[in-house]
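Peer 1: Here it is: the structure, laid out below.
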Amino acid sequence: MGSFVELNDTLQITAEQGFPGDILDLKKHQEKPVTLNEVRDKVFEFHDKSNARIYHLAPTRVFLVHNIGGKWLYWGTIIVLEQTITWNGKEHKTSGKYKITKIYDPEYQIQLTKNDTAPGKSYF
C-alpha cells in the first residue's frame, strides 16, 4: 500500500477553483493588456484541485493556466505561497495561495497556448 502525490509545475484551474477571471479576462486583455502592476500586491487562492498535488515552492515559478471547459489558456507565471492537502474520507483535495509574477502579452499568450498544450487541449 502506498500514496500517490503529484508534483506540478502548472496550476491549471477553473473559475470555480479560484481563477481570477474578473482580472484576467481574455477579451479585455486583448483590447488593453493587463499589467503586472495591476496584480503585483494581490494574493489569490485556489481550492479543490483533485488529488494530492505539490506545486514547486517559491521562488520557483509555476505556470498559471485557466481551464475553460477543458481547454487550457496560459496566462503567465506565479509563485505558490501556501498549499494544503486535505482528505475528505474519499479523496484528496489540494488548495493554496499564490501571487502572479508575470502576465504574458496577448500575442505571446496565444503562441504559448497553441504550442505548449497537449493535443486537443489548447483554447485556441
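Chain labels run A, B, ... following the order of the C-alpha cells; each chain numbers its residues from 1, and ligands are numbered from 1 in the order shown.
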Show me, as a PyMOL selection string, the residues that have an atom within 10 Å of A:Thr60 when counting only C-alpha atoms, minus same-chain residues fewer than 5 positions from it.
Peer 2: chain A and resi 9+55+77-80
Peer 1: Go ahead and save the picked residues with N, CA and C atoms, as a PDB file, in the first residue's frame.
Peer 2:
ATOM      1  N   ASP A   9       4.232  21.685 -12.141  1.00  0.00           N
ATOM      2  CA  ASP A   9       4.837  22.981 -12.478  1.00  0.00           C
ATOM      3  C   ASP A   9       3.801  23.907 -13.097  1.00  0.00           C
ATOM      4  N   TYR A  55       3.009  21.759  -5.613  1.00  0.00           N
ATOM      5  CA  TYR A  55       3.475  22.709  -6.622  1.00  0.00           C
ATOM      6  C   TYR A  55       4.873  23.163  -6.250  1.00  0.00           C
ATOM      7  N   THR A  77       3.045  33.422 -15.114  1.00  0.00           N
ATOM      8  CA  THR A  77       3.654  32.609 -14.068  1.00  0.00           C
ATOM      9  C   THR A  77       3.275  33.148 -12.693  1.00  0.00           C
ATOM     10  N   ILE A  78       3.384  32.268 -11.720  1.00  0.00           N
ATOM     11  CA  ILE A  78       3.047  32.593 -10.333  1.00  0.00           C
ATOM     12  C   ILE A  78       4.124  32.007  -9.421  1.00  0.00           C
ATOM     13  N   ILE A  79       4.071  32.411  -8.160  1.00  0.00           N
ATOM     14  CA  ILE A  79       4.769  31.674  -7.111  1.00  0.00           C
ATOM     15  C   ILE A  79       3.700  31.207  -6.128  1.00  0.00           C
ATOM     16  N   VAL A  80       3.832  29.972  -5.705  1.00  0.00           N
ATOM     17  CA  VAL A  80       2.891  29.409  -4.748  1.00  0.00           C
ATOM     18  C   VAL A  80       3.381  29.752  -3.347  1.00  0.00           C
TER      19      VAL A  80
END
Peer 1: Using DSSP on the backbone coordinates, identify all residues within stretch 35-106 of chain A classified as strand (DSSP E); present the result as a ChimeraX atom specification.
Peer 2: /A:44-50,53-55,62-68,71-87,92-103
Peer 1: Those same residues, written as a PDB file, in the first residue's frame with C-alpha atoms?
Peer 2:
ATOM      1  CA  PHE A  44      -5.033  34.784  -4.884  1.00  0.00           C
ATOM      2  CA  GLU A  45      -6.461  31.491  -3.644  1.00  0.00           C
ATOM      3  CA  PHE A  46      -7.253  28.221  -5.379  1.00  0.00           C
ATOM      4  CA  HIS A  47      -9.133  25.260  -3.977  1.00  0.00           C
ATOM      5  CA  ASP A  48     -10.494  21.796  -4.693  1.00  0.00           C
ATOM      6  CA  LYS A  49      -7.804  20.620  -7.120  1.00  0.00           C
ATOM      7  CA  SER A  50      -8.295  16.869  -7.310  1.00  0.00           C
ATOM      8  CA  ARG A  53      -0.516  17.796  -5.519  1.00  0.00           C
ATOM      9  CA  ILE A  54       2.656  19.595  -4.625  1.00  0.00           C
ATOM     10  CA  TYR A  55       3.475  22.709  -6.622  1.00  0.00           C
ATOM     11  CA  VAL A  62       4.695  27.811 -11.705  1.00  0.00           C
ATOM     12  CA  PHE A  63       2.690  28.375 -14.896  1.00  0.00           C
ATOM     13  CA  LEU A  64      -0.836  29.799 -14.437  1.00  0.00           C
ATOM     14  CA  VAL A  65      -3.416  28.264 -16.768  1.00  0.00           C
ATOM     15  CA  HIS A  66      -7.146  28.991 -16.956  1.00  0.00           C
ATOM     16  CA  ASN A  67      -9.146  25.832 -17.639  1.00  0.00           C
ATOM     17  CA  ILE A  68     -12.160  26.908 -19.695  1.00  0.00           C
ATOM     18  CA  LYS A  71      -9.396  23.876 -22.791  1.00  0.00           C
ATOM     19  CA  TRP A  72      -6.203  25.451 -21.478  1.00  0.00           C
ATOM     20  CA  LEU A  73      -5.342  29.160 -21.706  1.00  0.00           C
ATOM     21  CA  TYR A  74      -1.875  30.128 -20.461  1.00  0.00           C
ATOM     22  CA  TRP A  75      -1.703  33.484 -18.635  1.00  0.00           C
ATOM     23  CA  GLY A  76       1.745  33.766 -17.112  1.00  0.00           C
ATOM     24  CA  THR A  77       3.654  32.609 -14.068  1.00  0.00           C
ATOM     25  CA  ILE A  78       3.047  32.593 -10.333  1.00  0.00           C
ATOM     26  CA  ILE A  79       4.769  31.674  -7.111  1.00  0.00           C
ATOM     27  CA  VAL A  80       2.891  29.409  -4.748  1.00  0.00           C
ATOM     28  CA  LEU A  81       2.879  30.876  -1.238  1.00  0.00           C
ATOM     29  CA  GLU A  82       0.922  28.159   0.579  1.00  0.00           C
ATOM     30  CA  GLN A  83      -0.538  24.781  -0.233  1.00  0.00           C
ATOM     31  CA  THR A  84      -2.734  22.416   1.746  1.00  0.00           C
ATOM     32  CA  ILE A  85      -3.723  18.837   1.026  1.00  0.00           C
ATOM     33  CA  THR A  86      -6.891  17.594   2.707  1.00  0.00           C
ATOM     34  CA  TRP A  87      -8.642  14.220   2.875  1.00  0.00           C
ATOM     35  CA  HIS A  92      -7.540  14.184  -1.508  1.00  0.00           C
ATOM     36  CA  LYS A  93      -8.006  17.827  -2.486  1.00  0.00           C
ATOM     37  CA  THR A  94      -5.304  20.483  -2.835  1.00  0.00           C
ATOM     38  CA  SER A  95      -5.767  24.184  -2.108  1.00  0.00           C
ATOM     39  CA  GLY A  96      -3.407  27.112  -1.737  1.00  0.00           C
ATOM     40  CA  LYS A  97      -2.427  30.744  -2.196  1.00  0.00           C
ATOM     41  CA  TYR A  98      -0.338  32.349  -4.920  1.00  0.00           C
ATOM     42  CA  LYS A  99       0.954  35.624  -6.335  1.00  0.00           C
ATOM     43  CA  ILE A 100       1.207  36.400 -10.027  1.00  0.00           C
ATOM     44  CA  THR A 101       4.786  37.150 -11.109  1.00  0.00           C
ATOM     45  CA  LYS A 102       4.377  37.514 -14.882  1.00  0.00           C
ATOM     46  CA  ILE A 103       1.485  38.136 -17.284  1.00  0.00           C
TER      47      ILE A 103
END
Peer 1: Could you tell me how far atom CA of A:Val39 lies from atom CA of A:Leu26, in Å and to one decimal?
Peer 2: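 Computing the Euclidean distance for atom CA of A:Val39 and atom CA of A:Leu26 yields 15.5 Å.
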Peer 1: According to DSSP computed on the backbone, where in chain A is there helix (DSSP H, G or I)? Give the residues as a list in words.
Peer 2: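 Here is the list: Leu26, Lys27, Lys28, His29, Gln30, Glu31, Leu36, Asn37, Glu38, Pro106, Glu107, Tyr108, Gln109, Ile110, Gln111, Leu112, Thr113, Lys114, Asn115 and Asp116 of chain A.
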Peer 1: I need the chosen residues saved as a short mmCIF file (atom, residue, chain, number, x, y, z; two decimals), in the first residue's frame, with N, CA, C and O atoms.
Peer 2:
data_model
loop_
_atom_site.label_atom_id
_atom_site.label_comp_id
_atom_site.auth_asym_id
_atom_site.auth_seq_id
_atom_site.Cartn_x
_atom_site.Cartn_y
_atom_site.Cartn_z
N LEU A 26 -9.82 37.41 -21.03
CA LEU A 26 -9.14 37.36 -22.32
C LEU A 26 -9.54 38.49 -23.26
O LEU A 26 -8.67 39.15 -23.85
N LYS A 27 -10.81 38.76 -23.40
CA LYS A 27 -11.27 39.80 -24.33
C LYS A 27 -10.71 41.16 -23.91
O LYS A 27 -10.18 41.91 -24.75
N LYS A 28 -10.81 41.48 -22.63
CA LYS A 28 -10.28 42.76 -22.14
C LYS A 28 -8.76 42.81 -22.31
O LYS A 28 -8.21 43.86 -22.66
N HIS A 29 -8.10 41.70 -22.04
CA HIS A 29 -6.64 41.62 -22.14
C HIS A 29 -6.18 41.86 -23.58
O HIS A 29 -5.16 42.50 -23.81
N GLN A 30 -6.94 41.37 -24.55
CA GLN A 30 -6.58 41.57 -25.96
C GLN A 30 -6.79 43.02 -26.39
O GLN A 30 -6.09 43.51 -27.26
N GLU A 31 -7.76 43.70 -25.76
CA GLU A 31 -8.01 45.11 -26.09
C GLU A 31 -7.03 46.03 -25.37
O GLU A 31 -6.53 46.99 -25.94
N LEU A 36 1.44 43.64 -14.87
CA LEU A 36 1.81 43.07 -13.58
C LEU A 36 1.53 44.04 -12.44
O LEU A 36 1.16 43.63 -11.35
N ASN A 37 1.65 45.34 -12.71
CA ASN A 37 1.37 46.34 -11.66
C ASN A 37 -0.06 46.24 -11.13
O ASN A 37 -0.32 46.60 -9.99
N GLU A 38 -0.98 45.78 -11.96
CA GLU A 38 -2.38 45.67 -11.55
C GLU A 38 -2.62 44.53 -10.55
O GLU A 38 -3.64 44.54 -9.87
N PRO A 106 -0.68 39.55 -25.04
CA PRO A 106 -1.67 38.76 -25.78
C PRO A 106 -1.11 37.91 -26.93
O PRO A 106 -1.53 36.76 -27.09
N GLU A 107 -0.16 38.43 -27.70
CA GLU A 107 0.38 37.65 -28.82
C GLU A 107 1.17 36.44 -28.32
O GLU A 107 1.02 35.33 -28.84
N TYR A 108 2.00 36.66 -27.31
CA TYR A 108 2.78 35.56 -26.74
C TYR A 108 1.86 34.53 -26.09
O TYR A 108 2.08 33.31 -26.20
N GLN A 109 0.82 35.01 -25.43
CA GLN A 109 -0.15 34.13 -24.78
C GLN A 109 -0.77 33.16 -25.80
O GLN A 109 -0.89 31.96 -25.53
N ILE A 110 -1.14 33.67 -26.95
CA ILE A 110 -1.72 32.83 -28.00
C ILE A 110 -0.72 31.80 -28.48
O ILE A 110 -1.03 30.60 -28.57
N GLN A 111 0.50 32.24 -28.78
CA GLN A 111 1.52 31.33 -29.29
C GLN A 111 1.88 30.25 -28.28
O GLN A 111 1.99 29.07 -28.63
N LEU A 112 2.08 30.65 -27.03
CA LEU A 112 2.43 29.68 -26.00
C LEU A 112 1.31 28.67 -25.79
O LEU A 112 1.55 27.46 -25.70
N THR A 113 0.09 29.17 -25.73
CA THR A 113 -1.06 28.27 -25.54
C THR A 113 -1.17 27.28 -26.69
O THR A 113 -1.38 26.08 -26.47
N LYS A 114 -1.00 27.75 -27.90
CA LYS A 114 -1.08 26.86 -29.07
C LYS A 114 0.03 25.82 -29.08
O LYS A 114 -0.18 24.67 -29.46
N ASN A 115 1.22 26.25 -28.68
CA ASN A 115 2.39 25.38 -28.81
C ASN A 115 2.69 24.50 -27.61
O ASN A 115 3.36 23.47 -27.76
N ASP A 116 2.25 24.87 -26.43
CA ASP A 116 2.64 24.12 -25.23
C ASP A 116 1.55 23.31 -24.56
O ASP A 116 1.77 22.75 -23.49
#
Peer 1: Using only C-alpha atoms, pick whichever of A:Leu11, A:Gly18, A:Asp105, A:His56 has the shortest atom-to-atom distance to A:Val43.
Peer 2: A:Gly18
Peer 1: For A:Tyr123, which of A:Gly69, A:Ile23, A:Thr14, A:Asn51 is the closest residue, counting only C-alpha atoms?
Peer 2: A:Gly69
